[in-house]
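Coordinates as given in structure_1.tsv (TSV, C-alpha atoms (C1' of nucleotides)):
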```tsv
chain	number	residue	atom	x	y	z
A	9	MET	CA	-47.06	-103.11	12.30
A	10	SER	CA	-44.57	-102.87	15.10
A	11	ASP	CA	-42.02	-105.17	13.47
A	12	ASN	CA	-39.77	-104.03	10.67
A	13	PRO	CA	-40.03	-106.10	7.48
A	14	GLU	CA	-36.42	-105.24	6.77
A	15	PRO	CA	-34.13	-103.73	9.35
A	16	LEU	CA	-33.11	-100.75	7.23
A	17	THR	CA	-33.38	-98.82	10.41
A	18	SER	CA	-32.35	-101.01	13.25
A	19	ALA	CA	-32.77	-99.97	16.83
A	20	ASP	CA	-29.68	-97.81	16.98
A	21	SER	CA	-28.91	-96.74	13.42
A	22	LEU	CA	-31.15	-94.10	11.99
A	23	ARG	CA	-31.28	-92.55	8.59
A	24	ALA	CA	-29.23	-89.39	8.82
A	25	GLU	CA	-28.08	-88.88	5.24
A	26	ALA	CA	-30.36	-85.90	4.77
A	27	THR	CA	-28.73	-84.30	7.79
A	28	THR	CA	-25.14	-85.28	7.17
A	29	GLY	CA	-25.38	-84.10	3.57
A	30	ILE	CA	-25.84	-80.54	4.79
A	31	ILE	CA	-22.71	-78.44	4.40
A	32	GLY	CA	-23.42	-76.29	7.44
A	33	TYR	CA	-24.04	-79.34	9.61
A	34	ARG	CA	-20.77	-80.97	8.64
A	35	LEU	CA	-18.89	-77.71	9.04
A	36	ARG	CA	-20.24	-77.30	12.52
A	37	ARG	CA	-19.38	-80.85	13.53
A	38	ALA	CA	-15.83	-80.51	12.26
A	39	GLN	CA	-15.39	-77.15	13.92
A	40	LEU	CA	-16.69	-78.37	17.26
A	41	ASN	CA	-14.39	-81.34	17.04
A	42	VAL	CA	-11.32	-79.26	16.28
A	43	PHE	CA	-12.17	-76.78	19.03
A	44	GLN	CA	-12.67	-79.64	21.46
A	45	LYS	CA	-9.25	-80.90	20.55
A	46	PHE	CA	-7.85	-77.42	21.11
A	47	LEU	CA	-9.37	-77.26	24.57
A	48	THR	CA	-7.93	-80.66	25.45
A	49	VAL	CA	-4.47	-79.86	24.16
A	50	PHE	CA	-4.41	-76.45	25.86
A	51	ASP	CA	-5.99	-77.61	29.07
A	52	ASP	CA	-2.87	-77.23	31.18
A	53	LEU	CA	-2.04	-73.87	29.62
A	54	LYS	CA	-5.59	-72.73	30.42
A	55	LEU	CA	-5.86	-71.05	27.05
A	56	ARG	CA	-8.99	-70.80	24.98
A	57	PRO	CA	-8.99	-70.46	21.20
A	58	ALA	CA	-9.96	-66.78	21.28
A	59	GLU	CA	-7.22	-66.01	23.81
A	60	TYR	CA	-4.62	-67.79	21.71
A	61	SER	CA	-5.62	-65.85	18.62
A	62	VAL	CA	-5.36	-62.59	20.56
A	63	LEU	CA	-1.86	-63.42	21.77
A	64	VAL	CA	-0.76	-64.32	18.24
A	65	LEU	CA	-2.25	-61.19	16.78
A	66	VAL	CA	-0.76	-58.91	19.44
A	67	ALA	CA	2.64	-60.55	19.02
A	68	ASP	CA	2.58	-59.95	15.28
A	69	ASN	CA	1.13	-56.46	15.61
A	70	PRO	CA	2.53	-54.90	18.78
A	71	GLY	CA	1.18	-51.55	19.84
A	72	ARG	CA	-2.19	-51.87	18.17
A	73	LYS	CA	-5.34	-50.58	19.80
A	74	GLN	CA	-7.79	-52.96	21.43
A	75	THR	CA	-10.45	-52.11	18.90
A	76	GLU	CA	-8.22	-53.00	15.98
A	77	ILE	CA	-7.35	-56.42	17.34
A	78	ALA	CA	-10.94	-57.09	18.36
A	79	GLU	CA	-12.29	-56.12	14.96
A	80	VAL	CA	-9.97	-58.44	13.04
A	81	LEU	CA	-11.11	-61.32	15.22
A	82	GLY	CA	-14.77	-60.41	14.95
A	83	ILE	CA	-15.07	-59.81	18.68
A	84	LYS	CA	-17.22	-56.93	19.92
A	85	ARG	CA	-15.08	-54.44	21.77
A	86	ALA	CA	-17.33	-54.65	24.82
A	87	ASN	CA	-16.59	-58.36	25.13
A	88	PHE	CA	-12.96	-57.86	24.25
A	89	VAL	CA	-12.43	-55.86	27.45
A	90	THR	CA	-12.92	-58.89	29.66
A	91	LEU	CA	-10.80	-61.07	27.42
A	92	VAL	CA	-7.82	-58.69	27.47
A	93	HIS	CA	-8.29	-58.06	31.16
A	94	GLY	CA	-7.87	-61.76	31.81
A	95	LEU	CA	-4.67	-61.91	29.77
A	96	GLU	CA	-3.41	-58.82	31.56
A	97	GLU	CA	-4.08	-60.31	34.99
A	98	ARG	CA	-2.08	-63.36	33.98
A	99	GLY	CA	0.82	-61.08	33.14
A	100	LEU	CA	0.82	-62.00	29.45
A	101	VAL	CA	-0.35	-58.71	27.96
A	102	GLU	CA	0.12	-55.06	28.81
A	103	ARG	CA	-2.05	-52.13	27.87
A	104	HIS	CA	-0.16	-48.87	27.69
A	105	PRO	CA	-2.34	-45.86	27.12
A	106	SER	CA	-1.23	-44.45	23.81
A	107	PRO	CA	0.41	-41.00	24.04
A	108	GLN	CA	-0.95	-40.07	20.60
A	109	ASP	CA	-4.49	-40.98	21.57
A	110	LYS	CA	-5.15	-40.85	25.26
A	111	ARG	CA	-8.35	-42.85	24.84
A	112	ALA	CA	-6.64	-45.84	23.26
A	113	ASN	CA	-4.88	-48.78	24.87
A	114	ALA	CA	-1.90	-50.00	22.90
A	115	LEU	CA	-1.46	-53.74	23.37
A	116	HIS	CA	1.89	-55.47	23.84
A	117	LEU	CA	3.01	-58.85	25.06
A	118	THR	CA	5.02	-58.85	28.25
A	119	THR	CA	8.30	-60.75	28.30
A	120	SER	CA	6.62	-63.67	29.99
A	121	GLY	CA	3.77	-63.33	27.52
A	122	GLN	CA	6.29	-63.80	24.73
A	123	SER	CA	7.79	-66.94	26.19
A	124	PHE	CA	4.34	-68.23	27.05
A	125	LEU	CA	3.26	-67.71	23.47
A	126	ALA	CA	6.41	-69.37	22.17
A	127	HIS	CA	5.44	-72.44	24.14
A	128	ALA	CA	1.80	-72.21	23.10
A	129	ARG	CA	2.84	-71.91	19.47
A	130	GLY	CA	4.79	-75.14	19.84
A	131	VAL	CA	1.80	-76.91	21.30
A	132	HIS	CA	-0.43	-75.51	18.62
A	133	ASN	CA	1.93	-76.46	15.80
A	134	ALA	CA	1.91	-80.03	17.06
A	135	MET	CA	-1.86	-80.02	17.03
A	136	GLU	CA	-1.95	-78.48	13.59
A	137	ASP	CA	0.48	-81.10	12.33
A	138	GLU	CA	-1.80	-83.81	13.59
A	139	LEU	CA	-4.76	-82.24	11.82
A	140	VAL	CA	-2.73	-82.03	8.61
A	141	ALA	CA	-1.89	-85.71	8.99
A	142	ARG	CA	-5.57	-86.52	9.42
A	143	LEU	CA	-6.37	-84.51	6.31
A	144	GLY	CA	-3.74	-86.37	4.33
A	145	GLY	CA	-0.93	-83.86	3.95
A	146	THR	CA	-0.29	-80.17	3.49
A	147	GLN	CA	-1.79	-80.18	0.03
A	148	ALA	CA	-5.06	-81.46	1.40
A	149	ARG	CA	-4.86	-78.80	4.13
A	150	ASP	CA	-4.38	-76.09	1.54
A	151	ARG	CA	-7.31	-77.39	-0.47
A	152	LEU	CA	-9.45	-77.34	2.64
A	153	LEU	CA	-8.47	-73.78	3.51
A	154	ALA	CA	-9.14	-72.68	-0.07
A	155	LEU	CA	-12.60	-74.24	0.02
A	156	LEU	CA	-13.35	-72.69	3.41
A	157	ASP	CA	-12.29	-69.34	1.99
A	158	ARG	CA	-14.95	-69.56	-0.65
A	159	LEU	CA	-17.57	-69.91	2.05
A	160	THR	CA	-16.32	-66.81	3.86
B	3	MET	CA	10.26	-45.07	16.89
B	4	SER	CA	6.66	-44.27	16.32
B	5	ASP	CA	6.96	-44.11	12.55
B	6	ASN	CA	7.11	-47.19	10.41
B	7	PRO	CA	10.16	-47.43	8.15
B	8	GLU	CA	8.07	-49.39	5.70
B	9	PRO	CA	4.31	-49.52	5.81
B	10	LEU	CA	4.11	-53.29	5.95
B	11	THR	CA	1.41	-52.73	8.47
B	12	SER	CA	-0.51	-49.65	7.53
B	13	ALA	CA	-3.07	-48.11	9.81
B	14	ASP	CA	-5.86	-50.52	8.96
B	15	SER	CA	-4.24	-53.71	7.69
B	16	LEU	CA	-2.60	-55.84	10.28
B	17	ARG	CA	-0.58	-58.99	9.94
B	18	ALA	CA	-3.01	-61.82	10.44
B	19	GLU	CA	-1.36	-64.65	8.54
B	20	ALA	CA	-0.44	-66.49	11.71
B	21	THR	CA	-4.10	-66.40	12.69
B	22	THR	CA	-5.68	-67.11	9.33
B	23	GLY	CA	-3.33	-70.04	8.78
B	24	ILE	CA	-4.97	-71.84	11.68
B	25	ILE	CA	-7.33	-74.59	10.55
B	26	GLY	CA	-9.66	-74.19	13.51
B	27	TYR	CA	-9.89	-70.44	13.03
B	28	ARG	CA	-10.81	-70.76	9.38
B	29	LEU	CA	-13.27	-73.54	10.13
B	30	ARG	CA	-14.99	-71.39	12.69
B	31	ARG	CA	-15.20	-68.38	10.39
B	32	ALA	CA	-16.67	-70.46	7.59
B	33	GLN	CA	-19.13	-72.13	9.91
B	34	LEU	CA	-20.30	-68.86	11.43
B	35	ASN	CA	-20.72	-67.44	7.96
B	36	VAL	CA	-22.79	-70.37	6.73
B	37	PHE	CA	-24.93	-70.35	9.86
B	38	GLN	CA	-25.47	-66.63	9.49
B	39	LYS	CA	-26.64	-67.24	5.97
B	40	PHE	CA	-28.97	-69.94	7.24
B	41	LEU	CA	-30.48	-67.56	9.78
B	42	THR	CA	-31.01	-64.92	7.11
B	43	VAL	CA	-32.56	-67.31	4.62
B	44	PHE	CA	-34.81	-68.89	7.25
B	45	ASP	CA	-35.71	-65.65	8.95
B	46	ASP	CA	-39.33	-65.62	7.81
B	47	LEU	CA	-39.75	-69.32	8.60
B	48	LYS	CA	-38.37	-68.65	12.07
B	49	LEU	CA	-36.35	-71.81	11.93
B	50	ARG	CA	-32.94	-72.28	13.48
B	51	PRO	CA	-30.37	-74.78	12.19
B	52	ALA	CA	-30.91	-77.21	15.05
B	53	GLU	CA	-34.67	-77.11	14.58
B	54	TYR	CA	-34.35	-77.79	10.87
B	55	SER	CA	-32.11	-80.77	11.50
B	56	VAL	CA	-34.62	-82.15	13.99
B	57	LEU	CA	-37.48	-81.86	11.51
B	58	VAL	CA	-35.43	-83.59	8.81
B	59	LEU	CA	-34.39	-86.36	11.16
B	60	VAL	CA	-37.90	-86.94	12.48
B	61	ALA	CA	-39.31	-86.96	8.95
B	62	ASP	CA	-36.80	-89.60	7.88
B	63	ASN	CA	-37.14	-91.61	11.09
B	64	PRO	CA	-40.75	-91.32	12.26
B	65	GLY	CA	-41.62	-92.81	15.61
B	66	ARG	CA	-38.19	-92.56	17.14
B	67	LYS	CA	-37.70	-91.62	20.77
B	68	GLN	CA	-36.54	-88.13	21.73
B	69	THR	CA	-33.31	-89.48	23.12
B	70	GLU	CA	-32.42	-91.20	19.87
B	71	ILE	CA	-32.92	-88.08	17.77
B	72	ALA	CA	-31.12	-85.91	20.31
B	73	GLU	CA	-28.15	-88.23	20.50
B	74	VAL	CA	-27.59	-88.33	16.75
B	75	LEU	CA	-27.54	-84.53	16.71
B	76	GLY	CA	-25.26	-84.28	19.70
B	77	ILE	CA	-27.88	-82.43	21.73
B	78	LYS	CA	-28.22	-83.18	25.43
B	79	ARG	CA	-31.64	-84.60	26.12
B	80	ALA	CA	-32.27	-81.97	28.78
B	81	ASN	CA	-31.87	-79.24	26.18
B	82	PHE	CA	-33.75	-81.25	23.58
B	83	VAL	CA	-36.92	-81.03	25.65
B	84	THR	CA	-37.26	-77.29	25.07
B	85	LEU	CA	-36.42	-77.63	21.41
B	86	VAL	CA	-39.07	-80.28	20.75
B	87	HIS	CA	-41.54	-78.42	22.91
B	88	GLY	CA	-41.17	-75.38	20.66
B	89	LEU	CA	-41.74	-77.42	17.54
B	90	GLU	CA	-44.73	-79.07	19.17
B	91	GLU	CA	-46.27	-75.72	20.13
B	92	ARG	CA	-45.94	-74.61	16.51
B	93	GLY	CA	-47.90	-77.69	15.49
B	94	LEU	CA	-45.02	-79.18	13.51
B	95	VAL	CA	-44.21	-82.18	15.67
B	96	GLU	CA	-46.20	-84.56	17.84
B	97	ARG	CA	-45.03	-86.68	20.73
B	98	HIS	CA	-47.08	-89.80	21.24
B	99	PRO	CA	-46.20	-91.73	24.33
B	100	SER	CA	-45.01	-95.10	23.09
B	101	PRO	CA	-47.25	-98.03	24.07
B	102	GLN	CA	-44.23	-100.36	24.24
B	103	ASP	CA	-42.35	-98.03	26.57
B	104	LYS	CA	-44.57	-95.75	28.57
B	105	ARG	CA	-41.61	-93.55	29.46
B	106	ALA	CA	-40.71	-92.75	25.87
B	107	ASN	CA	-42.09	-90.12	23.52
B	108	ALA	CA	-42.25	-91.26	19.93
B	109	LEU	CA	-41.75	-88.30	17.58
B	110	HIS	CA	-43.72	-87.72	14.39
B	111	LEU	CA	-44.28	-84.81	12.07
B	112	THR	CA	-47.82	-83.51	11.90
B	113	THR	CA	-49.41	-83.01	8.51
B	114	SER	CA	-48.63	-79.32	8.63
B	115	GLY	CA	-45.16	-80.21	9.86
B	116	GLN	CA	-44.69	-82.25	6.71
B	117	SER	CA	-45.74	-79.47	4.37
B	118	PHE	CA	-43.74	-76.95	6.39
B	119	LEU	CA	-40.68	-79.15	6.06
B	120	ALA	CA	-41.29	-79.61	2.34
B	121	HIS	CA	-41.14	-75.84	2.00
B	122	ALA	CA	-38.14	-75.55	4.29
B	123	ARG	CA	-36.34	-78.24	2.30
B	124	GLY	CA	-36.87	-76.18	-0.82
B	125	VAL	CA	-35.47	-73.09	0.83
B	126	HIS	CA	-32.55	-75.05	2.16
B	127	ASN	CA	-31.80	-76.70	-1.17
B	128	ALA	CA	-31.60	-73.28	-2.77
B	129	MET	CA	-29.16	-72.17	-0.11
B	130	GLU	CA	-27.15	-75.34	-0.49
B	131	ASP	CA	-27.03	-74.83	-4.25
B	132	GLU	CA	-25.65	-71.37	-3.73
B	133	LEU	CA	-22.97	-72.72	-1.42
B	134	VAL	CA	-22.06	-75.37	-3.98
B	135	ALA	CA	-21.78	-72.64	-6.60
B	136	ARG	CA	-19.48	-70.67	-4.32
B	137	LEU	CA	-17.37	-73.78	-3.80
B	138	GLY	CA	-17.11	-74.34	-7.52
B	139	GLY	CA	-19.40	-77.27	-8.17
B	140	THR	CA	-20.58	-80.50	-6.63
B	141	GLN	CA	-17.17	-82.11	-6.95
B	142	ALA	CA	-15.64	-79.36	-4.85
B	143	ARG	CA	-18.50	-79.80	-2.36
B	144	ASP	CA	-17.79	-83.51	-2.12
B	145	ARG	CA	-14.11	-82.86	-1.61
B	146	LEU	CA	-14.93	-80.41	1.17
B	147	LEU	CA	-17.25	-82.87	2.91
B	148	ALA	CA	-14.63	-85.60	2.62
B	149	LEU	CA	-12.00	-83.34	4.17
B	150	LEU	CA	-14.37	-82.28	6.95
B	151	ASP	CA	-15.05	-85.96	7.62
B	152	ARG	CA	-11.40	-86.55	8.34
B	153	LEU	CA	-11.53	-83.92	11.04
B	154	THR	CA	-14.53	-85.55	12.68
C	13	DC	C1'	-15.53	-23.69	19.80
C	14	DT	C1'	-19.28	-26.53	19.29
C	15	DA	C1'	-20.99	-30.81	17.40
C	16	DT	C1'	-19.84	-35.18	16.17
C	17	DT	C1'	-17.28	-39.31	16.33
C	18	DA	C1'	-14.22	-42.91	18.44
C	19	DT	C1'	-12.24	-45.69	22.50
C	20	DG	C1'	-12.73	-48.15	26.30
C	21	DT	C1'	-15.73	-49.44	29.79
C	22	DT	C1'	-19.83	-51.27	32.63
C	23	DA	C1'	-24.14	-53.35	32.94
C	24	DT	C1'	-27.58	-56.06	31.02
C	25	DT	C1'	-29.66	-59.46	28.09
C	26	DC	C1'	-29.99	-63.63	25.27
C	27	DT	C1'	-28.74	-67.94	23.73
C	28	DA	C1'	-26.46	-72.47	23.60
C	29	DG	C1'	-24.79	-76.02	26.35
C	30	DA	C1'	-23.73	-78.53	30.50
C	31	DT	C1'	-24.92	-80.54	35.10
C	32	DA	C1'	-27.69	-82.17	38.85
C	33	DA	C1'	-31.69	-83.91	40.73
C	34	DC	C1'	-36.14	-85.87	40.29
C	35	DT	C1'	-40.43	-89.13	38.54
C	36	DA	C1'	-41.91	-92.83	36.43
C	37	DA	C1'	-41.16	-96.80	33.96
C	38	DA	C1'	-38.38	-100.61	32.37
C	39	DT	C1'	-34.74	-103.97	33.09
C	40	DT	C1'	-31.56	-106.87	35.71
C	41	DG	C1'	-30.09	-109.94	39.37
C	42	DC	C1'	-31.04	-112.70	42.62
D	8	DG	C1'	-41.49	-112.17	42.16
D	9	DC	C1'	-39.08	-108.48	44.15
D	10	DA	C1'	-35.26	-105.30	45.19
D	11	DA	C1'	-31.70	-102.76	42.86
D	12	DT	C1'	-30.29	-100.62	38.89
D	13	DT	C1'	-30.87	-98.34	34.62
D	14	DT	C1'	-33.38	-95.47	31.23
D	15	DA	C1'	-36.62	-91.57	29.31
D	16	DG	C1'	-38.18	-87.42	29.99
D	17	DT	C1'	-38.32	-83.44	32.64
D	18	DT	C1'	-37.16	-79.24	35.59
D	19	DA	C1'	-34.07	-76.09	37.47
D	20	DT	C1'	-29.75	-74.07	37.55
D	21	DC	C1'	-25.21	-72.56	35.94
D	22	DT	C1'	-21.76	-71.19	32.70
D	23	DA	C1'	-19.82	-69.16	28.44
D	24	DG	C1'	-20.32	-66.37	24.16
D	25	DA	C1'	-22.02	-62.96	21.98
D	26	DA	C1'	-25.12	-58.73	21.40
D	27	DT	C1'	-26.99	-54.10	22.92
D	28	DA	C1'	-27.29	-49.85	25.39
D	29	DA	C1'	-25.46	-46.24	27.84
D	30	DC	C1'	-21.73	-43.65	29.53
D	31	DA	C1'	-17.03	-40.91	30.32
D	32	DT	C1'	-13.29	-39.30	28.08
D	33	DA	C1'	-10.77	-37.81	24.32
D	34	DA	C1'	-10.15	-36.79	19.42
D	35	DT	C1'	-11.84	-34.76	15.10
D	36	DA	C1'	-14.69	-31.94	11.92
D	37	DG	C1'	-17.38	-28.00	10.62
```
When written as structure tokens, how does the structure in this file appear?
Amino acid sequence: MSDNPEPLTSADSLRAEATTGIIGYRLRRAQLNVFQKFLTVFDDLKLRPAEYSVLVLVADNPGRKQTEIAEVLGIKRANFVTLVHGLEERGLVERHPSPQDKRANALHLTTSGQSFLAHARGVHNAMEDELVARLGGTQARDRLLALLDRLT
Amino acid sequence: MSDNPEPLTSADSLRAEATTGIIGYRLRRAQLNVFQKFLTVFDDLKLRPAEYSVLVLVADNPGRKQTEIAEVLGIKRANFVTLVHGLEERGLVERHPSPQDKRANALHLTTSGQSFLAHARGVHNAMEDELVARLGGTQARDRLLALLDRLT
DNA sequence: CTATTATGTTATTCTAGATAACTAAATTGC
DNA sequence: GCAATTTAGTTATCTAGAATAACATAATAG
């Protein structure tokens, strides 16, 4: 009773097909893996994924209000305050109170924020290239993004 | 200076290509979306993704130790304790102390755990079918899983 | 001009994960 | 066989992310 007639399931390999066949499960594993890679690659820049996406978005849309940037990224504005505050303290981002709307903070990159982002973009492009290589080329990447789109 | 010569970026649409082109960003969005769907679909069963995967794994590998199940799922055994405890309190899972190793808890589904999982599997299959439909068929699903594999 | 809505903020809560320390039991190395 | 080490489960604690509520100030609508 305690011995296996056939070692289908040996001591360390267990049947996980029913788990690994789940789309959400595989998505999560892949996402965690990619984010882990991001954290490793950006360790010396001390930049988290959310912070990087904020810098990119502010660079491409200077002068936008905090709420606008936060909304696009799906970040609650209450939590966005701390995030932007951190970037501001590091001298990467400035908030000028908008003259048109004295409630709003218009976001801009500082000069050092721009050069920091230029560097970060380089690092990120290298990482992205490696992911594309793993996927098997830009076509495969595009297919992946198209499939992910359908889930969103 | 405050007016846009051309409304490339009108009041509500901002340039997000540089963000949406990022593999990790898109992966995360898709994953959050799918998990959100899971939570909605499993709301009345009060089952979270991690709990579902534990039930499936225990059903397919009865008698395994906590640590083994936890490791396959990438859950730290310290955190796994609470998870299993919850499932045990709901009468879905039993831990029998293993006679061979008095330290270890061998995990099994209870009878009601088995019928609960049968129901949950049905609910999940329906959800998975809908995702496959969104992706454009089982071939597209297989391509997605293959691509995700390369990132993991 | 008053009532409502929007922006940024603070404080609080909840959850998922990670780490450290402990016990009891098993295993390893003499 | 016995001391030292490792392993399984547990508890407690800490951090990070995200969600909610409440508030001050300013803009907008009726």
Would you write out, as JSON lines, a table of all residues in chain C that have an atom no more than 8 Å from an atom of chain B, listing for each the closest atom pair and the distance in Å to one decimal, considering all atoms listed in the file and ordering rows by chain and rising residue number?
```
{"residue": "C:DG29", "atom": "C1'", "partner": "B:Asn81", "partner_atom": "CA", "distance": 7.8}
{"residue": "C:DA36", "atom": "C1'", "partner": "B:Arg105", "partner_atom": "CA", "distance": 7.0}
{"residue": "C:DA37", "atom": "C1'", "partner": "B:Arg105", "partner_atom": "CA", "distance": 5.6}
{"residue": "C:DA38", "atom": "C1'", "partner": "B:Asp103", "partner_atom": "CA", "distance": 7.5}
```
Å distance separating CA of Gly76 (chain B) from C1' of DA26 (chain D), one decimal place: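 Interatomic distance here is 25.6 Å.
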Give me the chain B side of the contact with chain A, cut-off 8 Å, one line per residue showing its nearest atom pair and distance in Å at one decimal, counting all atoms listed in the file, sorted by chain and residue number, as CSV.
```
residue,atom,partner,partner_atom,distance
B:Asp14,CA,A:Glu76,CA,7.8
B:Leu16,CA,A:Asn69,CA,6.5
B:Arg17,CA,A:Asp68,CA,6.3
B:Ala18,CA,A:Leu65,CA,6.4
B:Ala20,CA,A:Val64,CA,6.9
B:Thr21,CA,A:Ser61,CA,6.1
B:Ile24,CA,A:Glu136,CA,7.5
B:Ile25,CA,A:Leu153,CA,7.2
B:Gly26,CA,A:Val42,CA,6.0
B:Arg28,CA,A:Leu156,CA,6.8
B:Leu29,CA,A:Gln39,CA,5.6
B:Arg30,CA,A:Gln39,CA,5.9
B:Arg31,CA,A:Thr160,CA,6.8
B:Ala32,CA,A:Thr160,CA,5.2
B:Gln33,CA,A:Leu35,CA,5.7
B:Asn35,CA,A:Thr160,CA,6.0
B:Val36,CA,A:Gly32,CA,6.0
B:Phe37,CA,A:Gly32,CA,6.6
B:Ser55,CA,A:Thr27,CA,6.1
B:Val58,CA,A:Thr27,CA,6.8
B:Leu59,CA,A:Ala24,CA,6.4
B:Asp62,CA,A:Arg23,CA,6.3
B:Asn63,CA,A:Arg23,CA,6.4
B:Glu70,CA,A:Asp20,CA,7.7
B:Glu130,CA,A:Ile31,CA,7.3
B:Leu133,CA,A:Leu159,CA,7.0
B:Arg136,CA,A:Arg158,CA,5.9
B:Leu137,CA,A:Arg158,CA,5.8
B:Ala142,CA,A:Leu155,CA,7.7
B:Leu146,CA,A:Leu152,CA,6.5
B:Leu147,CA,A:Arg34,CA,7.0
B:Leu149,CA,A:Leu143,CA,6.1
B:Leu150,CA,A:Ala38,CA,5.8
B:Asp151,CA,A:Ala38,CA,7.2
B:Arg152,CA,A:Leu143,CA,5.8
B:Leu153,CA,A:Ala38,CA,5.6
B:Thr154,CA,A:Ala38,CA,5.2
```
Residues of chain D near chain B: apply a cut-off of 9 Å, count all atoms listed in the file, and supply the list as a list in words.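 Residues of chain D within 9 Å of chain B, counting all atoms listed in the file: DT14, DA15, DG16, DT17 and DT18 of chain D.
CA of Arg129 (chain A) is positioned 13.8 Å from CA of Lys54 (chain A).
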Suppose you want the space between C1' of DT22 (chain C) and C1' of DA28 (chain D); what is it in Å?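 Here the two named atoms are 10.5 Å from each other.
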Using all atoms listed in the file, which residues sit within 9 Å of Leu95 (chain A) once same-chain residues fewer than 6 positions away are excluded, as a ChimeraX atom specification? /A:59,63,101-102,121
For DA11 (chain D), work out the shell of residues within 12 Å, counting only C-alpha atoms (C1' of nucleotides) and skipping chain neighbours fewer than 5 positions away, then give it as a PyMOL selection string. chain C and resi 39-42
Please write the residues from the selection above to a file, keeping C-alpha atoms (C1' of nucleotides), as a CSV table (one decimal), in the coordinates of the input.
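Wrote it out as result23.csv, contents follow:
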```csv
chain,number,residue,atom,x,y,z
C,39,DT,C1',-34.7,-104.0,33.1
C,40,DT,C1',-31.6,-106.9,35.7
C,41,DG,C1',-30.1,-109.9,39.4
C,42,DC,C1',-31.0,-112.7,42.6
```
Build an axis-aligned box that encloses every atom of region 93-100 of chain A listed in the file, pad it by 3 Å on each side, and report its centre and edge lengths in Å to one decimal, as lines of an AutoDock Vina configuration file.
```
center_x = -3.7
center_y = -60.7
center_z = 32.2
size_x = 15.1
size_y = 11.3
size_z = 11.5
```
Quick one: region 70-85 of chain A with N, CA and C atoms, as a CSV table (one decimal), in the coordinates of the input?
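Output saved as rebuild37.csv:
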```
chain,number,residue,atom,x,y,z
A,70,PRO,N,2.4,-55.6,17.5
A,70,PRO,CA,2.5,-54.9,18.8
A,70,PRO,C,2.1,-53.4,18.7
A,71,GLY,N,1.5,-53.0,19.7
A,71,GLY,CA,1.2,-51.6,19.8
A,71,GLY,C,-0.2,-51.2,19.2
A,72,ARG,N,-0.9,-52.2,18.7
A,72,ARG,CA,-2.2,-51.9,18.2
A,72,ARG,C,-3.2,-51.6,19.2
A,73,LYS,N,-4.3,-50.9,18.9
A,73,LYS,CA,-5.3,-50.6,19.8
A,73,LYS,C,-6.2,-51.8,20.0
A,74,GLN,N,-6.9,-51.9,21.1
A,74,GLN,CA,-7.8,-53.0,21.4
A,74,GLN,C,-8.8,-53.1,20.3
A,75,THR,N,-9.4,-52.0,19.9
A,75,THR,CA,-10.4,-52.1,18.9
A,75,THR,C,-10.0,-52.8,17.6
A,76,GLU,N,-8.7,-52.4,17.2
A,76,GLU,CA,-8.2,-53.0,16.0
A,76,GLU,C,-8.1,-54.5,16.1
A,77,ILE,N,-7.5,-55.0,17.2
A,77,ILE,CA,-7.4,-56.4,17.3
A,77,ILE,C,-8.7,-57.1,17.4
A,78,ALA,N,-9.6,-56.5,18.2
A,78,ALA,CA,-10.9,-57.1,18.4
A,78,ALA,C,-11.7,-57.2,17.0
A,79,GLU,N,-11.6,-56.1,16.2
A,79,GLU,CA,-12.3,-56.1,15.0
A,79,GLU,C,-11.8,-57.2,14.0
A,80,VAL,N,-10.5,-57.4,13.9
A,80,VAL,CA,-10.0,-58.4,13.0
A,80,VAL,C,-10.5,-59.8,13.5
A,81,LEU,N,-10.7,-60.0,14.7
A,81,LEU,CA,-11.1,-61.3,15.2
A,81,LEU,C,-12.6,-61.4,15.3
A,82,GLY,N,-13.3,-60.4,14.9
A,82,GLY,CA,-14.8,-60.4,15.0
A,82,GLY,C,-15.3,-60.5,16.4
A,83,ILE,N,-14.6,-59.9,17.3
A,83,ILE,CA,-15.1,-59.8,18.7
A,83,ILE,C,-15.5,-58.4,19.0
A,84,LYS,N,-16.7,-58.2,19.6
A,84,LYS,CA,-17.2,-56.9,19.9
A,84,LYS,C,-16.3,-56.3,21.0
A,85,ARG,N,-16.1,-55.0,20.8
A,85,ARG,CA,-15.1,-54.4,21.8
A,85,ARG,C,-15.5,-54.5,23.2
```
